[in-house]
file run01.tsv (TSV, C-alpha atoms)
chain	number	residue	atom	x	y	z
A	1	MET	CA	-14.91	31.40	5.36
A	2	ALA	CA	-11.72	29.45	5.82
A	3	THR	CA	-8.74	30.97	4.13
A	4	ALA	CA	-6.55	28.36	2.49
A	5	THR	CA	-3.29	28.82	4.36
A	6	HIS	CA	-3.39	25.16	5.31
A	7	ALA	CA	-0.09	23.84	6.56
A	8	HIS	CA	1.27	20.74	4.85
A	9	PRO	CA	2.74	17.95	6.94
A	10	THR	CA	6.44	18.40	7.60
A	11	ALA	CA	9.22	15.83	7.19
A	12	LYS	CA	9.12	15.39	10.99
A	13	THR	CA	5.46	14.37	10.75
A	14	TYR	CA	6.33	11.78	8.10
A	15	TRP	CA	9.08	10.30	10.30
A	16	LEU	CA	6.72	10.11	13.27
A	17	ILE	CA	4.11	8.36	11.13
A	18	ALA	CA	6.76	5.88	9.97
A	19	LEU	CA	7.66	5.20	13.60
A	20	PHE	CA	4.00	4.61	14.38
A	21	LEU	CA	3.71	2.20	11.42
A	22	GLY	CA	6.80	0.30	12.55
A	23	VAL	CA	5.52	-0.04	16.12
A	24	VAL	CA	2.07	-1.18	14.99
A	25	THR	CA	3.65	-3.77	12.68
A	26	ALA	CA	5.71	-5.09	15.58
A	27	VAL	CA	2.57	-5.37	17.72
A	28	GLU	CA	0.74	-7.14	14.85
A	29	VAL	CA	3.49	-9.71	14.57
A	30	ALA	CA	3.46	-10.31	18.34
A	31	VAL	CA	-0.33	-10.73	18.63
A	32	PRO	CA	-0.62	-14.25	17.08
A	33	TYR	CA	2.04	-15.54	19.50
A	34	ILE	CA	0.29	-14.31	22.66
A	35	ASP	CA	-2.17	-17.03	23.72
A	36	ALA	CA	-4.08	-14.71	26.05
A	37	LEU	CA	-5.12	-12.62	23.06
A	38	ASP	CA	-6.56	-15.56	21.10
A	39	PRO	CA	-10.24	-14.67	21.73
A	40	ILE	CA	-9.79	-11.19	20.27
A	41	ARG	CA	-6.93	-11.94	17.89
A	42	ALA	CA	-8.85	-11.48	14.63
A	43	VAL	CA	-10.53	-8.27	15.75
A	44	LEU	CA	-7.27	-6.87	17.09
A	45	LEU	CA	-5.35	-7.65	13.88
A	46	ILE	CA	-8.07	-6.13	11.72
A	47	LEU	CA	-8.11	-2.98	13.87
A	48	LEU	CA	-4.31	-2.65	13.77
A	49	GLY	CA	-4.22	-3.20	10.00
A	50	SER	CA	-7.03	-0.68	9.52
A	51	ALA	CA	-5.14	1.89	11.58
A	52	LYS	CA	-2.05	1.50	9.38
A	53	PHE	CA	-4.16	1.65	6.23
A	54	ALA	CA	-5.95	4.83	7.38
A	55	VAL	CA	-2.77	6.63	8.42
A	56	VAL	CA	-0.98	5.92	5.13
A	57	VAL	CA	-3.99	7.04	3.08
A	58	ALA	CA	-4.63	10.15	5.18
A	59	VAL	CA	-1.09	11.43	5.65
A	60	PHE	CA	1.29	9.83	3.13
A	61	MET	CA	-1.28	10.01	0.31
A	62	HIS	CA	-2.39	13.45	1.58
A	63	LEU	CA	-6.05	12.53	1.33
A	64	ARG	CA	-6.69	14.33	4.63
A	65	TYR	CA	-5.33	17.57	3.19
A	66	ASP	CA	-6.41	17.25	-0.42
A	67	LEU	CA	-9.50	17.93	-2.54
A	68	LYS	CA	-12.62	16.15	-1.31
A	69	ALA	CA	-13.25	14.93	-4.86
A	70	TYR	CA	-10.17	12.67	-4.69
A	71	ARG	CA	-11.48	11.19	-1.46
A	72	PHE	CA	-14.77	10.45	-3.19
A	73	TYR	CA	-13.13	8.56	-6.10
A	74	PHE	CA	-11.03	6.44	-3.79
A	75	LEU	CA	-13.82	5.71	-1.32
A	76	ILE	CA	-16.11	4.62	-4.17
A	77	GLY	CA	-13.53	2.00	-5.18
A	78	LEU	CA	-12.93	0.97	-1.60
A	79	ALA	CA	-16.65	0.64	-0.91
A	80	GLY	CA	-16.98	-1.41	-4.10
A	81	ALA	CA	-14.20	-3.69	-2.93
A	82	ILE	CA	-15.89	-4.21	0.44
A	83	VAL	CA	-19.23	-4.95	-1.26
A	84	VAL	CA	-17.59	-7.48	-3.62
A	85	PHE	CA	-15.85	-8.99	-0.63
A	86	ALA	CA	-19.09	-9.35	1.34
A	87	VAL	CA	-21.18	-10.58	-1.61
A	88	VAL	CA	-18.65	-13.21	-2.69
A	89	LEU	CA	-18.14	-14.56	0.80
A	90	ALA	CA	-21.88	-14.53	1.53
A	91	SER	CA	-22.64	-16.29	-1.79
A	92	PHE	CA	-20.32	-19.12	-0.91
A	93	ARG	CA	-21.46	-19.13	2.73
A	94	ALA	CA	-17.89	-18.47	3.80
A	95	PHE	CA	-18.88	-16.41	6.87
B	96	MET	CA	-6.25	30.61	9.34
B	97	VAL	CA	-6.45	26.86	9.04
B	98	SER	CA	-4.18	24.76	11.20
B	99	GLU	CA	-2.33	21.63	10.13
B	100	GLY	CA	-4.72	18.76	9.75
B	101	ALA	CA	-7.75	20.90	9.01
B	102	VAL	CA	-9.99	19.69	6.21
B	103	VAL	CA	-9.94	22.18	3.39
B	104	ASP	CA	-10.99	21.69	-0.21
B	105	HIS	CA	-7.68	22.63	-1.70
B	106	ASP	CA	-5.39	20.70	-4.05
B	107	PHE	CA	-2.38	19.55	-2.04
B	108	GLU	CA	0.18	20.15	-4.77
B	109	ASP	CA	-1.55	22.54	-7.12
B	110	THR	CA	0.93	23.47	-9.85
B	111	GLY	CA	-1.41	26.03	-11.37
B	112	ASN	CA	-1.81	23.81	-14.42
B	113	PRO	CA	-5.45	22.68	-14.92
B	114	ILE	CA	-4.20	19.43	-16.45
B	115	HIS	CA	-2.64	18.65	-13.06
B	116	ARG	CA	-6.05	18.14	-11.45
B	117	VAL	CA	-7.26	16.05	-14.39
B	118	ARG	CA	-4.28	13.71	-14.11
B	119	LYS	CA	-4.59	13.48	-10.35
B	120	THR	CA	-8.31	12.78	-10.58
B	121	ALA	CA	-7.57	10.06	-13.14
B	122	MET	CA	-4.96	8.55	-10.81
B	123	TRP	CA	-7.39	8.46	-7.87
B	124	ALA	CA	-10.09	6.91	-10.07
B	125	PHE	CA	-7.53	4.34	-11.24
B	126	LEU	CA	-6.58	3.54	-7.62
B	127	GLY	CA	-10.27	3.18	-6.77
B	128	SER	CA	-10.62	0.60	-9.54
B	129	GLU	CA	-7.47	-1.14	-8.32
B	130	ALA	CA	-9.00	-1.36	-4.84
B	131	PHE	CA	-11.94	-3.13	-6.46
B	132	PHE	CA	-9.57	-5.49	-8.28
B	133	PHE	CA	-7.57	-6.45	-5.19
B	134	GLY	CA	-10.78	-6.72	-3.16
B	135	ALA	CA	-11.96	-9.41	-5.57
B	136	MET	CA	-8.63	-11.26	-5.37
B	137	ILE	CA	-8.53	-11.18	-1.58
B	138	SER	CA	-12.12	-12.49	-1.50
B	139	THR	CA	-11.08	-15.33	-3.78
B	140	PHE	CA	-8.17	-16.20	-1.50
B	141	LEU	CA	-10.45	-16.27	1.54
B	142	LEU	CA	-12.85	-18.57	-0.27
B	143	TYR	CA	-10.12	-21.09	-1.01
B	144	ARG	CA	-7.90	-20.66	2.04
B	145	ASN	CA	-8.89	-24.05	3.43
B	146	THR	CA	-8.96	-25.91	0.09
B	147	ILE	CA	-5.43	-27.27	0.25
B	148	GLY	CA	-5.92	-30.78	-1.17
B	149	ASP	CA	-2.77	-32.84	-0.62
B	150	GLY	CA	-0.50	-29.79	-0.58
B	151	PRO	CA	0.65	-27.60	2.28
B	152	GLY	CA	-1.49	-24.77	3.65
B	153	ALA	CA	-0.84	-21.59	5.58
B	154	ASP	CA	1.34	-23.52	8.05
B	155	ILE	CA	4.31	-23.05	5.71
B	156	PHE	CA	4.21	-19.26	6.05
B	157	ASN	CA	7.34	-17.79	7.57
B	158	ILE	CA	5.81	-14.92	9.55
B	159	PRO	CA	9.08	-13.39	10.87
B	160	PHE	CA	10.46	-13.23	7.31
B	161	THR	CA	7.27	-11.77	5.83
B	162	SER	CA	7.10	-9.27	8.71
B	163	ALA	CA	10.57	-8.03	7.80
B	164	SER	CA	9.46	-7.69	4.14
B	165	SER	CA	6.36	-5.79	5.26
B	166	PHE	CA	8.51	-3.43	7.31
B	167	VAL	CA	10.74	-2.81	4.28
B	168	LEU	CA	7.72	-1.91	2.14
B	169	LEU	CA	6.30	0.34	4.87
B	170	MET	CA	9.59	2.21	5.11
B	171	SER	CA	9.61	2.62	1.32
B	172	SER	CA	6.43	4.67	1.79
B	173	LEU	CA	8.39	6.95	4.11
B	174	THR	CA	11.21	7.45	1.58
B	175	MET	CA	8.60	7.99	-1.15
B	176	VAL	CA	6.78	10.73	0.76
B	177	LEU	CA	10.13	12.36	1.59
B	178	ALA	CA	11.01	12.30	-2.13
B	179	ASP	CA	7.70	13.93	-2.96
B	180	ASN	CA	8.34	16.53	-0.24
B	181	SER	CA	11.79	17.33	-1.66
B	182	PHE	CA	10.50	17.67	-5.23
B	183	GLN	CA	7.72	19.98	-3.96
B	184	LYS	CA	10.38	22.22	-2.46
B	185	GLY	CA	12.31	22.15	-5.75
B	186	ASP	CA	15.19	20.14	-4.30
B	187	GLN	CA	15.50	17.54	-7.06
B	188	ARG	CA	18.92	16.36	-5.92
B	189	GLN	CA	17.64	15.34	-2.47
B	190	GLY	CA	14.45	14.04	-4.07
B	191	ARG	CA	16.46	11.73	-6.33
B	192	VAL	CA	18.24	10.26	-3.28
B	193	TRP	CA	14.88	9.42	-1.69
B	194	LEU	CA	13.55	8.05	-5.00
B	195	ILE	CA	16.56	5.76	-5.36
B	196	GLY	CA	16.10	4.68	-1.73
B	197	THR	CA	12.46	3.87	-2.45
B	198	ALA	CA	13.37	1.87	-5.55
B	199	LEU	CA	15.99	-0.08	-3.58
B	200	LEU	CA	13.53	-0.88	-0.79
B	201	GLY	CA	10.98	-1.95	-3.40
B	202	THR	CA	13.58	-4.19	-5.03
B	203	THR	CA	14.45	-5.67	-1.61
B	204	PHE	CA	10.78	-6.47	-1.06
B	205	LEU	CA	10.60	-8.15	-4.49
B	206	ALA	CA	13.75	-10.16	-3.78
B	207	GLY	CA	12.13	-11.30	-0.52
B	208	GLN	CA	9.01	-12.33	-2.39
B	209	ILE	CA	11.02	-14.34	-4.94
B	210	PHE	CA	12.87	-16.06	-2.07
B	211	GLU	CA	9.58	-16.79	-0.32
B	212	PHE	CA	8.01	-18.23	-3.48
B	213	THR	CA	11.08	-20.39	-4.08
B	214	GLU	CA	10.89	-21.75	-0.53
B	215	PHE	CA	7.17	-22.52	-0.90
B	216	VAL	CA	7.72	-24.34	-4.19
B	217	HIS	CA	10.43	-26.46	-2.51
B	218	GLU	CA	7.92	-27.29	0.23
B	219	GLY	CA	5.40	-28.45	-2.37
B	220	LEU	CA	3.16	-25.41	-2.80
B	221	THR	CA	2.93	-24.45	-6.47
B	222	ILE	CA	0.29	-22.49	-8.36
B	223	SER	CA	-1.32	-25.76	-9.48
B	224	THR	CA	-1.08	-27.69	-6.19
B	225	SER	CA	-4.43	-26.58	-4.85
B	226	PRO	CA	-6.99	-23.75	-5.01
B	227	PHE	CA	-5.22	-22.33	-1.94
B	228	GLY	CA	-1.92	-22.24	-3.87
B	229	SER	CA	-3.53	-20.74	-6.99
B	230	SER	CA	-5.28	-17.95	-5.13
B	231	PHE	CA	-2.24	-17.25	-2.95
B	232	TYR	CA	0.19	-16.95	-5.88
B	233	MET	CA	-2.27	-14.97	-7.99
B	234	LEU	CA	-2.89	-12.43	-5.22
B	235	THR	CA	0.67	-11.98	-3.98
B	236	GLY	CA	2.07	-12.35	-7.51
B	237	PHE	CA	-0.13	-9.55	-8.86
B	238	HIS	CA	0.86	-7.40	-5.93
B	239	GLY	CA	4.52	-8.13	-6.67
B	240	LEU	CA	3.91	-7.16	-10.29
B	241	HIS	CA	2.54	-3.82	-9.09
B	242	VAL	CA	5.66	-3.29	-6.99
B	243	ALA	CA	7.84	-4.09	-10.03
B	244	VAL	CA	5.92	-1.52	-12.13
B	245	GLY	CA	6.42	0.98	-9.31
B	246	VAL	CA	10.18	0.37	-9.26
B	247	LEU	CA	10.23	0.91	-13.04
B	248	LEU	CA	8.34	4.22	-12.68
B	249	LEU	CA	10.69	5.36	-9.91
B	250	SER	CA	13.70	4.54	-12.08
B	251	MET	CA	12.20	6.54	-14.95
B	252	LEU	CA	11.65	9.54	-12.65
B	253	VAL	CA	15.28	9.41	-11.50
B	254	PHE	CA	16.44	9.16	-15.13
B	255	PHE	CA	14.31	12.11	-16.29
B	256	SER	CA	15.38	14.21	-13.32
B	257	LEU	CA	19.07	13.48	-13.98
B	258	ARG	CA	18.64	14.44	-17.64
B	259	GLY	CA	16.96	17.72	-16.61
B	260	ARG	CA	13.75	16.63	-18.29
B	261	TYR	CA	11.59	16.48	-15.17
B	262	SER	CA	8.87	19.02	-14.46
B	263	PRO	CA	5.92	18.84	-12.03
B	264	ASP	CA	3.66	19.27	-15.07
B	265	SER	CA	5.19	16.32	-16.90
B	266	GLY	CA	3.05	13.28	-17.62
B	267	MET	CA	3.89	11.02	-14.72
B	268	ASN	CA	5.24	13.29	-12.00
B	269	VAL	CA	6.51	12.39	-8.54
B	270	GLU	CA	3.16	13.07	-6.87
B	271	LEU	CA	1.30	10.61	-9.11
B	272	VAL	CA	3.96	7.92	-8.76
B	273	ALA	CA	3.90	8.50	-4.98
B	274	LEU	CA	0.14	7.93	-4.92
B	275	TYR	CA	0.61	4.68	-6.85
B	276	TRP	CA	3.44	3.58	-4.54
B	277	HIS	CA	1.52	4.27	-1.34
B	278	PHE	CA	-1.44	2.40	-2.78
B	279	VAL	CA	0.76	-0.66	-3.37
B	280	ASP	CA	1.82	-0.31	0.27
B	281	ILE	CA	-1.74	-0.18	1.65
B	282	VAL	CA	-2.71	-3.22	-0.42
B	283	TRP	CA	0.17	-5.07	1.22
B	284	ILE	CA	-1.03	-3.92	4.66
B	285	VAL	CA	-4.32	-5.71	3.91
B	286	ILE	CA	-2.64	-8.78	2.40
B	287	PHE	CA	-0.23	-9.10	5.33
B	288	THR	CA	-3.10	-9.02	7.82
B	289	VAL	CA	-5.66	-11.14	5.94
B	290	VAL	CA	-3.46	-13.65	4.11
B	291	TYR	CA	-0.64	-14.12	6.61
B	292	LEU	CA	-1.44	-13.06	10.18
B	293	LEU	CA	-5.06	-14.19	10.28
B	294	GLN	CA	-4.22	-17.61	8.83
B	295	ILE	CA	-1.63	-18.77	11.37
call {"tool": "encode", "arguments": {"input": "run01.tsv", "output": "C-alpha cells"}}
result
Amino acid sequence: MATATHAHPTAKTYWLIALFLGVVTAVEVAVPYIDALDPIRAVLLILLGSAKFAVVVAVFMHLRYDLKAYRFYFLIGLAGAIVVFAVVLASFRAF
Amino acid sequence: MVSEGAVVDHDFEDTGNPIHRVRKTAMWAFLGSEAFFFGAMISTFLLYRNTIGDGPGADIFNIPFTSASSFVLLMSSLTMVLADNSFQKGDQRQGRVWLIGTALLGTTFLAGQIFEFTEFVHEGLTISTSPFGSSFYMLTGFHGLHVAVGVLLLSMLVFFSLRGRYSPDSGMNVELVALYWHFVDIVWIVIFTVVYLLQI
C-alpha cells in the first residue's frame, strides 16, 4: 500500500515548466514560417499545442498529483468537447 | 514512500475541511462544462473560417503580436501557481505579490486583445462583416470575458488578504481561482493554435 507522503512540485519545477512553455511557444511561432515543415505543419502545431495543454493541466493545475475524481470530471467535459467538435464538423462535412 | 510525480489518490491541498473537496469538485465539474462550451465555439469558428464574404480573413492576423500576448498569458499561469504555492505555505504577503503580478499580466493580455480588435475593425473585420468575423469575435471575445472575470477574482483575493479576511476555507480561495485561471490559459493555448497558427 502506498503511503501518502507524495511530494508536491517545488517552485523550481514551476519555473522549469514555464521555461518549457516559453520554448514550445517560440517553436510554434517559427513553424508556419519554415517552408520545409509545410507538409507536417498542422500535425506539428497540434502536437506542440497538446504538449503545452497537457503540461499546464498536469502540473500547474495539479491534476497529476490530485484526486482521480477531479481528473474524471475534467476529462468528461474534455471528451464531450471533442465529441461535439467531431460531430459538428462531420455534420457540415468540414473534414 | 511515493516519489514526486507518483499518482496517488490524495487531495493536493486538503485543508481538512470536507467542504473543501465539495467546492473543488464543483470547480472541476464547472471547468469540464466550460471545456464543452469552448469546444462548441471553436467548432463553430472552424465551420465558418473560410466564409469571409467581402471582408478580410485570417490574413489580417498579426502572429508576432498575438504570440507575445500568448506568452504573457502563459507566464501569468506561472505567477498564479507561485501565488498558490505561497498561500499553501502560509506566506500571504509573497502570495499577494504573485497575485498582483498575475492580475497585471492578465490585464496586459486584455489590453492586447482590445488593441488587436481595434486594428481588425480598422481593417474592415467587424462582428457583422461575415460569419468568419462573427465566430472569431464571439470565441475570442468570450475568452477575453473569462480573463476579465479572472482579473476581478484575483483583485478580490488580494483585497480580502490585505484586510485579513482570507482563509483557505473561504468561499473562493486561491486554489479555486488558480484552477479557473489555468483553465483560461489552456483554452487560449487551443485558440492560439487552432484559430491563429493553423489559419496562416
call {"tool": "atom_distance", "arguments": {"input": "run01.tsv", "atom1": "atom CA of Pro39 of chain A", "atom2": "atom CA of Ala26 of chain A"}}
result
19.6 Å
call {"tool": "closest_residue", "arguments": {"input": "run01.tsv", "among": "B:Phe204, B:Leu220, B:Met175, B:Met122", "to": "Tyr232 of chain B", "atoms": "all atoms listed in the file"}}
result
B:Leu220
call {"tool": "closest_atom_pairs", "arguments": {"input": "run01.tsv", "of": "chain A", "to": "chain B", "cutoff": "7 Å", "atoms": "all atoms listed in the file", "output": "tab-separated table"}}
result
residue	atom	partner	partner_atom	distance
A:Ala2	CA	B:Met96	CA	6.6
A:Thr3	CA	B:Met96	CA	5.8
A:Ala4	CA	B:Val97	CA	6.7
A:Thr5	CA	B:Val97	CA	6.0
A:His6	CA	B:Val97	CA	5.1
A:Ala7	CA	B:Glu99	CA	4.8
A:His8	CA	B:Glu99	CA	6.5
A:Ala11	CA	B:Leu177	CA	6.7
A:Tyr14	CA	B:Leu173	CA	6.6
A:Ala18	CA	B:Leu173	CA	6.2
A:Gly22	CA	B:Phe166	CA	6.7
A:Val29	CA	B:Ser162	CA	6.9
A:Ala42	CA	B:Leu293	CA	6.4
A:Leu45	CA	B:Thr288	CA	6.6
A:Ile46	CA	B:Thr288	CA	6.9
A:Gly49	CA	B:Ile284	CA	6.3
A:Phe53	CA	B:Ile281	CA	5.5
A:Phe60	CA	B:Val176	CA	6.0
A:Met61	CA	B:Leu274	CA	5.8
A:Arg64	CA	B:Val102	CA	6.5
A:Tyr65	CA	B:Val102	CA	5.9
A:Asp66	CA	B:Phe107	CA	4.9
A:Leu67	CA	B:Asp104	CA	4.7
A:Lys68	CA	B:Asp104	CA	5.9
A:Tyr70	CA	B:Trp123	CA	6.0
A:Tyr73	CA	B:Ala124	CA	5.3
A:Phe74	CA	B:Gly127	CA	4.5
A:Leu75	CA	B:Gly127	CA	7.0
A:Ile76	CA	B:Gly127	CA	6.6
A:Gly77	CA	B:Gly127	CA	3.8
A:Leu78	CA	B:Ala130	CA	5.6
A:Gly80	CA	B:Phe131	CA	5.8
A:Ala81	CA	B:Phe131	CA	4.2
A:Ile82	CA	B:Gly134	CA	6.7
A:Val84	CA	B:Ala135	CA	6.3
A:Phe85	CA	B:Ser138	CA	5.2
A:Val88	CA	B:Ser138	CA	6.7
A:Leu89	CA	B:Leu142	CA	6.7
A:Ala94	CA	B:Leu142	CA	6.5
call {"tool": "closest_residue", "arguments": {"input": "run01.tsv", "among": "B:Ile147, B:Val117, B:Leu249, B:Leu168", "to": "Thr224 of chain B", "atoms": "all atoms listed in the file"}}
result
B:Ile147
call {"tool": "atom_distance", "arguments": {"input": "run01.tsv", "atom1": "atom CA of Glu28 of chain A", "atom2": "atom CA of Ala51 of chain A"}}
result
11.3 Å
call {"tool": "closest_residue", "arguments": {"input": "run01.tsv", "among": "B:Leu199, B:Val192, B:Ala178, B:Ile155", "to": "Val242 of chain B", "atoms": "all atoms listed in the file"}}
result
B:Leu199
call {"tool": "atom_distance", "arguments": {"input": "run01.tsv", "atom1": "atom CA of Phe140 of chain B", "atom2": "atom CA of Phe231 of chain B"}}
result
6.2 Å
call {"tool": "closest_residue", "arguments": {"input": "run01.tsv", "among": "B:Gly239, B:Pro113, B:Gly259, B:Gly152", "to": "Arg188 of chain B", "atoms": "all atoms listed in the file"}}
result
B:Gly259
call {"tool": "residues_around", "arguments": {"input": "run01.tsv", "residues": "Gly236 of chain B", "least_positions_apart": "5", "cutoff": "10 Å", "atoms": "all atoms listed in the file", "output": "list in words"}}
result
Leu205, Gln208, Ile209, Phe212, Ser230, Phe231, His241 and Val242 of chain B
call {"tool": "build_atoms", "arguments": {"input": "run01.tsv", "residues": "segment 173-204 of chain B", "atoms": "N, CA and C atoms", "output": "PDB file, in the coordinates of the input"}}
result
ATOM      1  N   LEU B 173       7.772   5.771   3.479  1.00  0.00           N
ATOM      2  CA  LEU B 173       8.390   6.950   4.110  1.00  0.00           C
ATOM      3  C   LEU B 173       9.344   7.629   3.124  1.00  0.00           C
ATOM      4  N   THR B 174      10.243   6.843   2.511  1.00  0.00           N
ATOM      5  CA  THR B 174      11.210   7.450   1.580  1.00  0.00           C
ATOM      6  C   THR B 174      10.481   8.074   0.381  1.00  0.00           C
ATOM      7  N   MET B 175       9.360   7.453  -0.019  1.00  0.00           N
ATOM      8  CA  MET B 175       8.600   7.990  -1.150  1.00  0.00           C
ATOM      9  C   MET B 175       7.990   9.355  -0.810  1.00  0.00           C
ATOM     10  N   VAL B 176       7.412   9.461   0.389  1.00  0.00           N
ATOM     11  CA  VAL B 176       6.780  10.730   0.760  1.00  0.00           C
ATOM     12  C   VAL B 176       7.858  11.809   0.978  1.00  0.00           C
ATOM     13  N   LEU B 177       9.037  11.395   1.423  1.00  0.00           N
ATOM     14  CA  LEU B 177      10.130  12.360   1.590  1.00  0.00           C
ATOM     15  C   LEU B 177      10.638  12.819   0.214  1.00  0.00           C
ATOM     16  N   ALA B 178      10.635  11.915  -0.755  1.00  0.00           N
ATOM     17  CA  ALA B 178      11.010  12.300  -2.130  1.00  0.00           C
ATOM     18  C   ALA B 178      10.017  13.308  -2.684  1.00  0.00           C
ATOM     19  N   ASP B 179       8.749  13.027  -2.487  1.00  0.00           N
ATOM     20  CA  ASP B 179       7.700  13.930  -2.960  1.00  0.00           C
ATOM     21  C   ASP B 179       7.856  15.303  -2.298  1.00  0.00           C
ATOM     22  N   ASN B 180       8.139  15.296  -0.998  1.00  0.00           N
ATOM     23  CA  ASN B 180       8.340  16.530  -0.240  1.00  0.00           C
ATOM     24  C   ASN B 180       9.515  17.335  -0.798  1.00  0.00           C
ATOM     25  N   SER B 181      10.604  16.650  -1.117  1.00  0.00           N
ATOM     26  CA  SER B 181      11.790  17.330  -1.660  1.00  0.00           C
ATOM     27  C   SER B 181      11.500  17.925  -3.027  1.00  0.00           C
ATOM     28  N   PHE B 182      10.816  17.166  -3.885  1.00  0.00           N
ATOM     29  CA  PHE B 182      10.500  17.670  -5.230  1.00  0.00           C
ATOM     30  C   PHE B 182       9.557  18.877  -5.129  1.00  0.00           C
ATOM     31  N   GLN B 183       8.625  18.837  -4.155  1.00  0.00           N
ATOM     32  CA  GLN B 183       7.720  19.980  -3.960  1.00  0.00           C
ATOM     33  C   GLN B 183       8.489  21.246  -3.637  1.00  0.00           C
ATOM     34  N   LYS B 184       9.572  21.070  -2.861  1.00  0.00           N
ATOM     35  CA  LYS B 184      10.380  22.220  -2.460  1.00  0.00           C
ATOM     36  C   LYS B 184      11.384  22.602  -3.547  1.00  0.00           C
ATOM     37  N   GLY B 185      11.395  21.855  -4.644  1.00  0.00           N
ATOM     38  CA  GLY B 185      12.310  22.150  -5.750  1.00  0.00           C
ATOM     39  C   GLY B 185      13.685  21.564  -5.561  1.00  0.00           C
ATOM     40  N   ASP B 186      13.873  20.742  -4.544  1.00  0.00           N
ATOM     41  CA  ASP B 186      15.190  20.140  -4.300  1.00  0.00           C
ATOM     42  C   ASP B 186      15.240  18.771  -4.989  1.00  0.00           C
ATOM     43  N   GLN B 187      15.513  18.793  -6.287  1.00  0.00           N
ATOM     44  CA  GLN B 187      15.500  17.540  -7.060  1.00  0.00           C
ATOM     45  C   GLN B 187      16.639  16.608  -6.668  1.00  0.00           C
ATOM     46  N   ARG B 188      17.769  17.197  -6.264  1.00  0.00           N
ATOM     47  CA  ARG B 188      18.920  16.360  -5.920  1.00  0.00           C
ATOM     48  C   ARG B 188      18.582  15.470  -4.708  1.00  0.00           C
ATOM     49  N   GLN B 189      18.036  16.103  -3.655  1.00  0.00           N
ATOM     50  CA  GLN B 189      17.640  15.340  -2.470  1.00  0.00           C
ATOM     51  C   GLN B 189      16.487  14.383  -2.821  1.00  0.00           C
ATOM     52  N   GLY B 190      15.590  14.868  -3.654  1.00  0.00           N
ATOM     53  CA  GLY B 190      14.450  14.040  -4.070  1.00  0.00           C
ATOM     54  C   GLY B 190      14.909  12.776  -4.776  1.00  0.00           C
ATOM     55  N   ARG B 191      15.947  12.909  -5.611  1.00  0.00           N
ATOM     56  CA  ARG B 191      16.460  11.730  -6.330  1.00  0.00           C
ATOM     57  C   ARG B 191      17.021  10.696  -5.348  1.00  0.00           C
ATOM     58  N   VAL B 192      17.675  11.191  -4.289  1.00  0.00           N
ATOM     59  CA  VAL B 192      18.240  10.260  -3.280  1.00  0.00           C
ATOM     60  C   VAL B 192      17.103   9.438  -2.654  1.00  0.00           C
ATOM     61  N   TRP B 193      16.009  10.129  -2.295  1.00  0.00           N
ATOM     62  CA  TRP B 193      14.880   9.420  -1.690  1.00  0.00           C
ATOM     63  C   TRP B 193      14.214   8.482  -2.699  1.00  0.00           C
ATOM     64  N   LEU B 194      14.148   8.915  -3.963  1.00  0.00           N
ATOM     65  CA  LEU B 194      13.550   8.050  -5.000  1.00  0.00           C
ATOM     66  C   LEU B 194      14.366   6.764  -5.172  1.00  0.00           C
ATOM     67  N   ILE B 195      15.691   6.938  -5.203  1.00  0.00           N
ATOM     68  CA  ILE B 195      16.560   5.760  -5.360  1.00  0.00           C
ATOM     69  C   ILE B 195      16.403   4.844  -4.141  1.00  0.00           C
ATOM     70  N   GLY B 196      16.319   5.465  -2.955  1.00  0.00           N
ATOM     71  CA  GLY B 196      16.100   4.680  -1.730  1.00  0.00           C
ATOM     72  C   GLY B 196      14.802   3.889  -1.813  1.00  0.00           C
ATOM     73  N   THR B 197      13.762   4.543  -2.318  1.00  0.00           N
ATOM     74  CA  THR B 197      12.460   3.870  -2.450  1.00  0.00           C
ATOM     75  C   THR B 197      12.559   2.693  -3.418  1.00  0.00           C
ATOM     76  N   ALA B 198      13.224   2.933  -4.545  1.00  0.00           N
ATOM     77  CA  ALA B 198      13.370   1.870  -5.550  1.00  0.00           C
ATOM     78  C   ALA B 198      14.156   0.691  -4.970  1.00  0.00           C
ATOM     79  N   LEU B 199      15.187   0.992  -4.171  1.00  0.00           N
ATOM     80  CA  LEU B 199      15.990  -0.080  -3.580  1.00  0.00           C
ATOM     81  C   LEU B 199      15.179  -0.891  -2.562  1.00  0.00           C
ATOM     82  N   LEU B 200      14.381  -0.171  -1.767  1.00  0.00           N
ATOM     83  CA  LEU B 200      13.530  -0.880  -0.790  1.00  0.00           C
ATOM     84  C   LEU B 200      12.489  -1.728  -1.511  1.00  0.00           C
ATOM     85  N   GLY B 201      11.945  -1.188  -2.598  1.00  0.00           N
ATOM     86  CA  GLY B 201      10.980  -1.950  -3.400  1.00  0.00           C
ATOM     87  C   GLY B 201      11.629  -3.203  -3.980  1.00  0.00           C
ATOM     88  N   THR B 202      12.861  -3.049  -4.454  1.00  0.00           N
ATOM     89  CA  THR B 202      13.580  -4.190  -5.030  1.00  0.00           C
ATOM     90  C   THR B 202      13.882  -5.227  -3.947  1.00  0.00           C
ATOM     91  N   THR B 203      14.204  -4.748  -2.741  1.00  0.00           N
ATOM     92  CA  THR B 203      14.450  -5.670  -1.610  1.00  0.00           C
ATOM     93  C   THR B 203      13.185  -6.472  -1.309  1.00  0.00           C
ATOM     94  N   PHE B 204      12.044  -5.777  -1.316  1.00  0.00           N
ATOM     95  CA  PHE B 204      10.780  -6.470  -1.060  1.00  0.00           C
ATOM     96  C   PHE B 204      10.547  -7.543  -2.125  1.00  0.00           C
TER      97      PHE B 204
END
